[in-house]
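Data block below; observations after.
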Amino acid sequence: MAVNSYTMNYSNVVHLPFEEKLKATRLAGCTTMSLMPADILDMEFAGQSLANIRARAADAGVTISRLDPLNTWSRRWVSDNMDDSYTLKTATTAREFYRLCAGIGATKASLNAMFPLGSMTIGEMTEDFAATCRYAADFGVTIDLEHVPLWGMPTLEMAWQVVRDAGQPNGRLVFDIWHFVRSGSKLETLRGIPGHLISCVQLSDGPLALPPGVTIKDNCYDRKWPGDGEFPSAQVLRALDEIGGLNEVGAEIFSPMLEGLSTEEVARLSKVTTETVLNDAGVALEPQPTET
């Protein structure tokens, strides 16, 4: 087995202007990237059409393949632990979200379960996820569910149950190692998931145990580059490799340290740290050839 594909996550380049985001993506050896819907809306507000945004990316050899996140998919979605600025920035409606997808050619959506823990039953989550998948299918968009330990779907076990029980052909999972470690999710669960249902793999690092006084919310925005912490990255990557789940692999860093990094440094760190942990896990780096 091997890495099937790589991507640049929006978090790594969020501090860079659009042209520099594209440049960092290509310098890192990626041809696809994700963007936040809010960032695209800001460019529209500044006078850029969606067609122009898509063309500028294409001219740079990049496809904006994923929008991240869609938080308003569930019947309850406003968290009880995030400030108003984050809530407003991620309040994109489904109608607006898919308009953006169609305009820039994105075919994948990352869903965060932002609702408070215990505010929805697993049956309600599954119903809402299935309905979201059916609606997105009209736009040719794959729906990738991401469990987040801060909110109402904390574990991989829970997210996999929702995707499995919803049974939608365009329903898949996001695998984020920070979420996996911080939620105490299990490798046995990961090994039981068909690899093609893991749409992307997001890598970061940090201490196994949070320092005294540091909350999980604090740590969410202090992620380290892959290999710079204590996460069991080699074990996790080998498990993903065994099931053929190394799709759209890339570092996903949320940290103030990014503010001081140049385009070139972001690209270098995104590429080198990802390749280093893959090498340490004994995983082949080159994407497998696409069958024709």
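Chain lettering (A, B, ...) mirrors the order of the structure tokens, residue numbering begins at 1 for each chain separately, and ligand numbering begins at 1 in order of display.
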Please tabulate, as a tab-separated table, the residues of range 158-275 of chain A that come within 12 Å of range 107-123 of chain A, each with its closest pair of atoms and the distance in Å to one decimal, counting only C-alpha atoms and ordering rows by chain, then residue number upward.
```
residue	atom	partner	partner_atom	distance
A:Met158	CA	A:Ile122	CA	7.9
A:Ala159	CA	A:Ala113	CA	9.3
A:Trp160	CA	A:Ile122	CA	11.1
A:Gln161	CA	A:Ile122	CA	8.4
A:Val162	CA	A:Ile122	CA	7.1
A:Val163	CA	A:Ile122	CA	10.9
A:Arg164	CA	A:Ile122	CA	11.9
A:Asp165	CA	A:Gly123	CA	9.1
A:Ala166	CA	A:Gly123	CA	9.5
A:Asn170	CA	A:Lys108	CA	9.4
A:Gly171	CA	A:Ala109	CA	10.1
A:Arg172	CA	A:Ser110	CA	9.5
A:Leu173	CA	A:Ser110	CA	8.5
A:Val174	CA	A:Ser110	CA	7.2
A:Phe175	CA	A:Ser110	CA	10.6
A:Asp176	CA	A:Ser110	CA	11.4
A:His179	CA	A:Asn112	CA	11.5
A:Ile198	CA	A:Ser110	CA	11.7
A:Ser199	CA	A:Lys108	CA	8.6
A:Cys200	CA	A:Ser110	CA	9.5
A:Val201	CA	A:Ser110	CA	11.8
A:Gln202	CA	A:Ser110	CA	11.8
A:Glu248	CA	A:Lys108	CA	11.2
```
For the structure I just gave you, how does DSSP split range 24-181 of chain A - specifically, which residues are helix (DSSP H, G or I)? Reply as an MDAnalysis selection string. chainID A and resid 24:27 37:45 50:59 84:89 94:104 122:137 156:166 177:181
Given only C-alpha atoms as the basis, pick out the residue of A:Trp225, A:Asn247, A:Ser183, A:Gly213 nearest to Glu286 in chain A. A:Asn247
Who sits within 6 Å of range 29-34 of chain A, only C-alpha atoms, same chain under 2 positions skipped, as a short mmCIF file (atom, residue, chain, number, x, y, z; two decimals) with C-alpha atoms, in the first residue's frame:
```
data_model
loop_
_atom_site.label_atom_id
_atom_site.label_comp_id
_atom_site.auth_asym_id
_atom_site.auth_seq_id
_atom_site.Cartn_x
_atom_site.Cartn_y
_atom_site.Cartn_z
CA TYR A 6 -1.87 14.52 -0.78
CA THR A 7 -3.58 17.85 -0.15
CA MET A 8 -2.99 21.27 1.43
CA ASN A 9 -5.34 22.05 4.29
CA TYR A 10 -6.65 25.60 4.56
CA THR A 25 0.16 24.36 -2.21
CA ARG A 26 2.21 23.78 -5.35
CA LEU A 27 5.56 24.16 -3.56
CA VAL A 62 -4.41 23.78 -8.12
CA THR A 63 -7.96 22.53 -7.65
CA ILE A 64 -9.95 23.82 -4.68
CA SER A 65 -11.44 20.39 -4.08
CA ARG A 66 -12.85 20.78 -0.57
CA LEU A 67 -14.80 23.36 1.44
#
```
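Taking CA of Pro287 in chain A and CA of Ala2 in chain A as endpoints, the distance between them is 6.3 Å.
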Check the smallest atom-to-atom distance from each of A:Ser204, A:Asn279, A:Thr72, A:Thr215 to Pro232 in chain A using only C-alpha atoms, then report the winner.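 Going through A:Ser204, A:Asn279, A:Thr72, A:Thr215 one by one, the smallest distance to Pro232 in chain A is for A:Ser204.
If you measure from each of A:Asp280, A:Asp68, A:Ala38, A:Ile243 to Ser85 in chain A using only C-alpha atoms, the closest one turns out to be A:Ala38.
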Write out as a PyMOL selection string which residues come within 12 Å of Asn71 in chain A when counting only C-alpha atoms, dropping same-chain ones fewer than 3 positions away. chain A and resi 36-37+67-68+74-79+86-94+97+109-115+128-129+132+143-148+151-152
Show which residues sit within 10 Å of Leu50 in chain A, as JSON, numbers by chain. Count only C-alpha atoms, and ignore same-chain residues fewer than 4 positions away. {"A": [40, 41, 43, 44, 54, 55, 56, 99, 100, 101, 102, 103, 104, 105]}
Next, write the just-selected residues to a file, as a PDB file, in the first residue's frame, keeping N, CA and C atoms as the atom set.
```pdb
ATOM      1  N   ILE A  40     -13.889  32.383   0.832  1.00  0.00           N
ATOM      2  CA  ILE A  40     -14.377  32.558  -0.539  1.00  0.00           C
ATOM      3  C   ILE A  40     -15.399  33.692  -0.586  1.00  0.00           C
ATOM      4  N   LEU A  41     -16.275  33.749   0.400  1.00  0.00           N
ATOM      5  CA  LEU A  41     -17.253  34.826   0.455  1.00  0.00           C
ATOM      6  C   LEU A  41     -16.573  36.183   0.589  1.00  0.00           C
ATOM      7  N   MET A  43     -13.650  36.959  -0.669  1.00  0.00           N
ATOM      8  CA  MET A  43     -13.121  37.283  -1.990  1.00  0.00           C
ATOM      9  C   MET A  43     -14.230  37.744  -2.921  1.00  0.00           C
ATOM     10  N   GLU A  44     -15.389  37.109  -2.818  1.00  0.00           N
ATOM     11  CA  GLU A  44     -16.543  37.563  -3.598  1.00  0.00           C
ATOM     12  C   GLU A  44     -16.912  38.998  -3.234  1.00  0.00           C
ATOM     13  N   ARG A  54     -11.826  30.269  -9.356  1.00  0.00           N
ATOM     14  CA  ARG A  54     -11.535  28.926  -9.877  1.00  0.00           C
ATOM     15  C   ARG A  54     -10.469  28.980 -10.960  1.00  0.00           C
ATOM     16  N   ALA A  55     -10.549  29.963 -11.828  1.00  0.00           N
ATOM     17  CA  ALA A  55      -9.574  30.088 -12.921  1.00  0.00           C
ATOM     18  C   ALA A  55      -8.184  30.421 -12.392  1.00  0.00           C
ATOM     19  N   ARG A  56      -8.104  31.294 -11.390  1.00  0.00           N
ATOM     20  CA  ARG A  56      -6.802  31.637 -10.815  1.00  0.00           C
ATOM     21  C   ARG A  56      -6.146  30.408 -10.192  1.00  0.00           C
ATOM     22  N   ARG A  99     -23.677  26.483  -3.409  1.00  0.00           N
ATOM     23  CA  ARG A  99     -23.466  27.481  -4.466  1.00  0.00           C
ATOM     24  C   ARG A  99     -21.964  27.726  -4.638  1.00  0.00           C
ATOM     25  N   LEU A 100     -21.260  27.833  -3.523  1.00  0.00           N
ATOM     26  CA  LEU A 100     -19.818  28.023  -3.584  1.00  0.00           C
ATOM     27  C   LEU A 100     -19.128  26.799  -4.178  1.00  0.00           C
ATOM     28  N   CYS A 101     -19.556  25.614  -3.763  1.00  0.00           N
ATOM     29  CA  CYS A 101     -18.973  24.388  -4.320  1.00  0.00           C
ATOM     30  C   CYS A 101     -19.111  24.361  -5.840  1.00  0.00           C
ATOM     31  N   ALA A 102     -20.308  24.644  -6.322  1.00  0.00           N
ATOM     32  CA  ALA A 102     -20.546  24.615  -7.765  1.00  0.00           C
ATOM     33  C   ALA A 102     -19.706  25.661  -8.480  1.00  0.00           C
ATOM     34  N   GLY A 103     -19.575  26.829  -7.875  1.00  0.00           N
ATOM     35  CA  GLY A 103     -18.857  27.916  -8.536  1.00  0.00           C
ATOM     36  C   GLY A 103     -17.374  27.694  -8.650  1.00  0.00           C
ATOM     37  N   ILE A 104     -16.765  27.050  -7.667  1.00  0.00           N
ATOM     38  CA  ILE A 104     -15.314  26.857  -7.708  1.00  0.00           C
ATOM     39  C   ILE A 104     -14.923  25.432  -8.064  1.00  0.00           C
ATOM     40  N   GLY A 105     -15.910  24.554  -8.222  1.00  0.00           N
ATOM     41  CA  GLY A 105     -15.620  23.184  -8.631  1.00  0.00           C
ATOM     42  C   GLY A 105     -15.246  22.250  -7.497  1.00  0.00           C
TER      43      GLY A 105
END
```
One number please: CA of Leu156 in chain A to CA of Leu237 in chain A, in Å, one decimal.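 Value for the CA of Leu156 in chain A-CA of Leu237 in chain A distance: 15.3 Å.
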DSSP strand (DSSP E or B) residues within range 36-111 of chain A, listed as a PDB file with C-alpha atoms, in the first residue's frame:
```pdb
ATOM      1  CA  THR A  63      -7.962  22.534  -7.651  1.00  0.00           C
ATOM      2  CA  ILE A  64      -9.949  23.816  -4.679  1.00  0.00           C
ATOM      3  CA  SER A  65     -11.435  20.393  -4.079  1.00  0.00           C
ATOM      4  CA  ARG A  66     -12.850  20.783  -0.572  1.00  0.00           C
ATOM      5  CA  LEU A  67     -14.797  23.364   1.437  1.00  0.00           C
ATOM      6  CA  ASP A  68     -14.319  23.123   5.197  1.00  0.00           C
ATOM      7  CA  PRO A  69     -16.412  23.326   7.330  1.00  0.00           C
ATOM      8  CA  LEU A  70     -20.153  22.996   6.888  1.00  0.00           C
ATOM      9  CA  LYS A 108     -15.973  17.480  -1.140  1.00  0.00           C
ATOM     10  CA  ALA A 109     -17.411  18.960   2.044  1.00  0.00           C
ATOM     11  CA  SER A 110     -16.148  18.574   5.603  1.00  0.00           C
ATOM     12  CA  LEU A 111     -18.920  18.422   8.207  1.00  0.00           C
TER      13      LEU A 111
END
```
Quick one, how far is CA of Cys220 in chain A from CA of Ala106 in chain A?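 Separation between CA of Cys220 in chain A and CA of Ala106 in chain A: 26.1 Å.
The closest residue to Gly244 in chain A, picked from A:Ser49, A:Thr126, A:Asn4, A:Ser262 and counting only C-alpha atoms, is A:Asn4.
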Given only C-alpha atoms as the basis, pick out the residue of A:Asp205, A:Thr155, A:Gly167, A:Phe45 nearest to Gly184 in chain A. A:Thr155
Could you tell me which of A:Lys217, A:Asp39, A:Glu275, A:Trp73 comes closest to Arg134 in chain A if we count only C-alpha atoms? A:Trp73
Excluding Ser185 in chain A and its own-chain neighbours fewer than 3 positions away, which residues fall within 8 Å of it when counting only C-alpha atoms? Please give them as a ChimeraX atom specification. /A:155-157,180-182,189
Close residues, Leu210 in chain A itself excluded, 10 Å, only C-alpha atoms, min 6 positions apart in chain, as a list in words: Arg182, Ile216, Asp218 and Asn219 of chain A
With N, CA and C atoms kept, could you save the residues just selected as a compact mmCIF listing (two decimals), in the first residue's frame?
```
# COMPACT_ATOMS: atom_id res chain seq x y z
N ARG A 182 -7.13 13.05 21.07
CA ARG A 182 -7.76 13.80 22.16
C ARG A 182 -9.10 13.20 22.60
N ILE A 216 -8.68 21.28 26.49
CA ILE A 216 -8.69 20.70 25.15
C ILE A 216 -8.97 21.77 24.10
N ASP A 218 -8.03 24.96 24.36
CA ASP A 218 -6.76 25.68 24.20
C ASP A 218 -5.83 24.91 23.27
N ASN A 219 -5.72 23.62 23.49
CA ASN A 219 -4.78 22.80 22.73
C ASN A 219 -5.19 22.66 21.28
```
